$ cat model.txt   # compact mmCIF, C-alpha atoms
# COMPACT_ATOMS: atom_id res chain seq x y z
CA MET L 1379 0.00 0.00 0.00
CA VAL L 1380 2.84 2.39 0.84
CA VAL L 1381 4.55 1.71 -2.51
CA LEU L 1382 1.26 2.35 -4.32
CA ARG L 1383 0.89 5.71 -2.55
CA LYS L 1384 4.49 6.63 -3.44
CA TRP L 1385 3.84 5.65 -7.04
CA THR L 1386 0.61 7.70 -7.21
CA PHE L 1387 2.33 10.70 -5.64
CA TRP L 1388 5.30 10.51 -7.99
CA ARG L 1389 3.25 9.86 -11.09
CA ASN L 1390 0.95 12.82 -10.44
CA SER L 1391 3.48 15.29 -9.14
CA ASP L 1392 5.48 17.30 -11.65
CA ARG L 1393 7.22 19.05 -8.78
CA ALA L 1394 8.44 15.79 -7.28
CA LEU L 1395 9.73 14.67 -10.67
CA ASP L 1396 11.51 18.02 -11.14
CA GLN L 1397 13.12 17.69 -7.71
CA ALA L 1398 14.31 14.18 -8.48
CA ALA L 1399 15.77 15.35 -11.82
CA ASP L 1400 17.54 18.23 -10.03
CA GLU L 1401 19.01 15.75 -7.57
CA VAL L 1402 20.25 13.56 -10.41
CA VAL L 1403 21.96 16.58 -11.97
CA ARG L 1404 23.55 17.58 -8.65
CA ARG L 1405 24.92 14.06 -8.22
CA CYS L 1406 26.41 13.62 -11.70
CA ARG L 1407 27.30 17.15 -12.92
CA ARG L 1408 30.83 17.03 -11.56
CA ASP L 1409 31.51 13.63 -13.14
CA VAL L 1410 30.31 14.89 -16.53
CA MET L 1411 32.55 17.94 -16.17
CA ASP L 1412 35.49 15.67 -15.32
CA ARG L 1413 34.92 13.72 -18.52
CA LEU L 1414 34.84 16.93 -20.53
CA ARG L 1415 38.00 18.25 -18.91
CA GLY L 1416 39.75 15.12 -20.07
CA SER L 1417 38.92 15.98 -23.67
CA GLU L 1418 40.75 18.73 -25.53
CA LEU L 1419 37.89 18.80 -28.02
CA ALA L 1420 35.43 20.31 -25.55
CA ASP L 1421 37.39 23.57 -25.38
CA ARG L 1422 37.09 24.05 -29.14
CA MET L 1423 33.40 23.21 -29.51
CA GLY L 1424 30.55 25.60 -30.09
CA ALA L 1425 27.36 25.45 -28.04
CA ALA L 1426 25.44 23.13 -30.39
CA GLU L 1427 28.30 20.67 -30.70
CA LEU L 1428 28.89 20.76 -26.95
CA ARG L 1429 25.22 19.99 -26.24
CA GLY L 1430 25.44 16.82 -28.31
CA TYR L 1431 28.73 15.87 -26.71
CA VAL L 1432 27.29 16.31 -23.20
CA ARG L 1433 24.21 14.30 -24.16
CA ALA L 1434 26.38 11.45 -25.46
CA ARG L 1435 29.10 11.49 -22.79
CA GLY L 1436 26.76 12.08 -19.85
CA ALA L 1437 24.00 9.61 -20.71
CA ASP L 1438 25.50 6.64 -18.89
CA LEU L 1439 26.26 8.73 -15.79
CA VAL L 1440 22.71 10.08 -15.72
CA ASP L 1441 21.29 6.58 -16.20
CA GLU L 1442 23.44 5.16 -13.41
CA THR L 1443 22.50 8.00 -11.05
CA ILE L 1444 18.81 7.58 -11.81
CA GLY L 1445 19.08 3.87 -11.06
CA GLU L 1446 20.62 4.64 -7.67
CA LEU L 1447 17.95 7.24 -6.91
CA LEU L 1448 15.06 4.96 -7.87
CA SER L 1449 16.54 2.12 -5.86
CA CYS L 1450 17.21 4.09 -2.69
CA ARG L 1451 13.76 5.71 -2.76
CA GLY L 1452 11.93 2.51 -3.68
CA LEU L 1453 10.41 4.03 -6.80
CA PRO L 1454 9.34 2.14 -9.91
CA GLU L 1455 11.52 1.81 -12.99
CA THR L 1456 8.70 3.26 -15.07
CA LEU L 1457 9.82 6.71 -13.89
CA ARG L 1458 13.23 6.28 -15.55
CA PRO L 1459 12.32 7.66 -19.02
CA ASP L 1460 10.72 10.82 -17.63
CA LEU L 1461 13.57 11.38 -15.18
CA THR L 1462 16.15 10.82 -17.91
CA THR L 1463 14.53 13.37 -20.20
CA LEU L 1464 14.26 15.97 -17.47
CA ALA L 1465 17.74 15.39 -16.04
CA ILE L 1466 19.46 15.60 -19.43
CA GLY L 1467 17.43 18.72 -20.21
CA ILE L 1468 18.66 20.34 -17.00
CA LEU L 1469 22.23 19.02 -17.17
CA ILE L 1470 23.09 20.23 -20.67
CA PRO L 1471 22.64 23.99 -20.09
CA HIS L 1472 24.52 23.79 -16.78
CA VAL L 1473 27.50 22.01 -18.30
CA VAL L 1474 27.53 24.20 -21.41
CA HIS L 1475 27.58 27.24 -19.13
CA ASP L 1476 30.43 25.75 -17.10
CA VAL L 1477 32.50 25.05 -20.20
CA LEU L 1478 31.75 28.15 -22.27
CA GLY L 1479 31.40 30.55 -19.36
CA ARG L 1480 28.10 31.90 -20.63
CA PRO L 1481 24.50 30.76 -20.35
CA LEU L 1482 22.94 28.77 -23.12
CA VAL L 1483 20.42 31.05 -24.80
CA GLY L 1484 16.88 29.73 -24.67
CA ALA L 1485 17.71 26.93 -22.22
CA ARG L 1486 14.74 25.70 -20.26
CA LYS L 1487 13.71 22.64 -18.37
CA GLN L 1488 11.91 20.22 -20.64
CA ARG L 1489 8.48 19.25 -19.47
CA VAL L 1490 7.61 15.60 -19.99
CA ALA L 1491 4.22 15.13 -21.64

$ encode --input "model.txt" --output "C-alpha cells"
Amino acid sequence: MVVLRKWTFWRNSDRALDQAADEVVRRCRRDVMDRLRGSELADRMGAAELRGYVRARGADLVDETIGELLSCRGLPETLRPDLTTLAIGILIPHVVHDVLGRPLVGARKQRVA
C-alpha cells in the first residue's frame, strides 16, 4: 500500500519529478565535467556541438544515477524515461555554461508530456 501511494504521488506530481531530476543533476554534474576536462575537443566546440557531446558522454552517468535514486527511494523503474529526459534537459545547459562561461540562450527545463 505504501509503494502504491508513493507511485501515485510521484506519477501525479510534476514538482516531485523536477526535484528528483535536479538531484540527479547535482549528483552527476561534476563527473560529466570531469569527462569533458579530459577531452581537448570540448574547449574548441561551439554550443550546439557541446550539447550533443554532453548528451552522449553524460548519458551513462545520468542513467546510473537515476538507477541509484530509484533504488534508494523505492520508486518504480517506469519513472526512468521521464527522469532521464528531465535530467538531461537540466544538465546540458549547466555544463555548457560551465564550459563556455556563458548561459545557453533559450535553455529551459523540458516538461515531460

$ closest_residue --input "model.txt" --among "L:Ile1470, L:Leu1478, L:Leu1447, L:Leu1461" --to "Gly1430 of chain L" --atoms "all atoms listed in the file"
L:Ile1470

$ closest_residue --input "model.txt" --among "L:Gly1452, L:Pro1459, L:Gly1445, L:Gly1424" --to "Gly1479 of chain L" --atoms "all atoms listed in the file"
L:Gly1424

$ atom_distance --input "model.txt" --atom1 "atom CA of Thr1443 of chain L" --atom2 "atom CA of Val1402 of chain L"
6.0 Å

$ closest_residue --input "model.txt" --among "L:Ile1444, L:Cys1450, L:Val1474, L:Ala1420" --to "Ala1398 of chain L" --atoms "all atoms listed in the file"
L:Ile1444

$ closest_residue --input "model.txt" --among "L:Val1477, L:Ala1465, L:Leu1457, L:Leu1419" --to "Arg1405 of chain L" --atoms "all atoms listed in the file"
L:Ala1465

$ residues_around --input "model.txt" --residues "Val1403 of chain L" --least-positions-apart "4" --cutoff "12 Å" --atoms "all atoms listed in the file" --output "ChimeraX atom specification"
/L:1396-1399,1407-1411,1436-1437,1439-1444,1447,1461-1473

$ decode --input "model.txt" --residues "segment 1429-1483 of chain L" --atoms "C-alpha atoms" --output "PDB file, in the first residue's frame"
ATOM      1  CA  ARG L1429      25.224  19.988 -26.236  1.00  0.00           C
ATOM      2  CA  GLY L1430      25.441  16.824 -28.312  1.00  0.00           C
ATOM      3  CA  TYR L1431      28.735  15.871 -26.705  1.00  0.00           C
ATOM      4  CA  VAL L1432      27.293  16.309 -23.205  1.00  0.00           C
ATOM      5  CA  ARG L1433      24.210  14.299 -24.162  1.00  0.00           C
ATOM      6  CA  ALA L1434      26.380  11.452 -25.455  1.00  0.00           C
ATOM      7  CA  ARG L1435      29.102  11.494 -22.785  1.00  0.00           C
ATOM      8  CA  GLY L1436      26.758  12.077 -19.849  1.00  0.00           C
ATOM      9  CA  ALA L1437      24.000   9.609 -20.714  1.00  0.00           C
ATOM     10  CA  ASP L1438      25.504   6.638 -18.894  1.00  0.00           C
ATOM     11  CA  LEU L1439      26.264   8.734 -15.790  1.00  0.00           C
ATOM     12  CA  VAL L1440      22.711  10.083 -15.724  1.00  0.00           C
ATOM     13  CA  ASP L1441      21.295   6.585 -16.201  1.00  0.00           C
ATOM     14  CA  GLU L1442      23.442   5.165 -13.411  1.00  0.00           C
ATOM     15  CA  THR L1443      22.498   7.997 -11.051  1.00  0.00           C
ATOM     16  CA  ILE L1444      18.808   7.582 -11.811  1.00  0.00           C
ATOM     17  CA  GLY L1445      19.082   3.866 -11.064  1.00  0.00           C
ATOM     18  CA  GLU L1446      20.619   4.643  -7.671  1.00  0.00           C
ATOM     19  CA  LEU L1447      17.951   7.237  -6.907  1.00  0.00           C
ATOM     20  CA  LEU L1448      15.062   4.960  -7.870  1.00  0.00           C
ATOM     21  CA  SER L1449      16.543   2.115  -5.863  1.00  0.00           C
ATOM     22  CA  CYS L1450      17.210   4.088  -2.688  1.00  0.00           C
ATOM     23  CA  ARG L1451      13.763   5.706  -2.762  1.00  0.00           C
ATOM     24  CA  GLY L1452      11.933   2.510  -3.678  1.00  0.00           C
ATOM     25  CA  LEU L1453      10.411   4.027  -6.802  1.00  0.00           C
ATOM     26  CA  PRO L1454       9.340   2.135  -9.910  1.00  0.00           C
ATOM     27  CA  GLU L1455      11.524   1.805 -12.993  1.00  0.00           C
ATOM     28  CA  THR L1456       8.696   3.255 -15.066  1.00  0.00           C
ATOM     29  CA  LEU L1457       9.825   6.708 -13.894  1.00  0.00           C
ATOM     30  CA  ARG L1458      13.228   6.275 -15.554  1.00  0.00           C
ATOM     31  CA  PRO L1459      12.324   7.664 -19.024  1.00  0.00           C
ATOM     32  CA  ASP L1460      10.718  10.821 -17.629  1.00  0.00           C
ATOM     33  CA  LEU L1461      13.570  11.378 -15.185  1.00  0.00           C
ATOM     34  CA  THR L1462      16.148  10.825 -17.908  1.00  0.00           C
ATOM     35  CA  THR L1463      14.531  13.369 -20.204  1.00  0.00           C
ATOM     36  CA  LEU L1464      14.261  15.965 -17.466  1.00  0.00           C
ATOM     37  CA  ALA L1465      17.737  15.386 -16.036  1.00  0.00           C
ATOM     38  CA  ILE L1466      19.461  15.599 -19.428  1.00  0.00           C
ATOM     39  CA  GLY L1467      17.430  18.723 -20.210  1.00  0.00           C
ATOM     40  CA  ILE L1468      18.656  20.340 -16.999  1.00  0.00           C
ATOM     41  CA  LEU L1469      22.226  19.024 -17.165  1.00  0.00           C
ATOM     42  CA  ILE L1470      23.088  20.227 -20.667  1.00  0.00           C
ATOM     43  CA  PRO L1471      22.642  23.993 -20.091  1.00  0.00           C
ATOM     44  CA  HIS L1472      24.522  23.791 -16.780  1.00  0.00           C
ATOM     45  CA  VAL L1473      27.503  22.015 -18.296  1.00  0.00           C
ATOM     46  CA  VAL L1474      27.532  24.200 -21.410  1.00  0.00           C
ATOM     47  CA  HIS L1475      27.580  27.244 -19.134  1.00  0.00           C
ATOM     48  CA  ASP L1476      30.426  25.751 -17.100  1.00  0.00           C
ATOM     49  CA  VAL L1477      32.499  25.050 -20.205  1.00  0.00           C
ATOM     50  CA  LEU L1478      31.750  28.153 -22.269  1.00  0.00           C
ATOM     51  CA  GLY L1479      31.402  30.552 -19.356  1.00  0.00           C
ATOM     52  CA  ARG L1480      28.101  31.896 -20.627  1.00  0.00           C
ATOM     53  CA  PRO L1481      24.496  30.763 -20.352  1.00  0.00           C
ATOM     54  CA  LEU L1482      22.938  28.767 -23.118  1.00  0.00           C
ATOM     55  CA  VAL L1483      20.419  31.051 -24.796  1.00  0.00           C
TER      56      VAL L1483
END
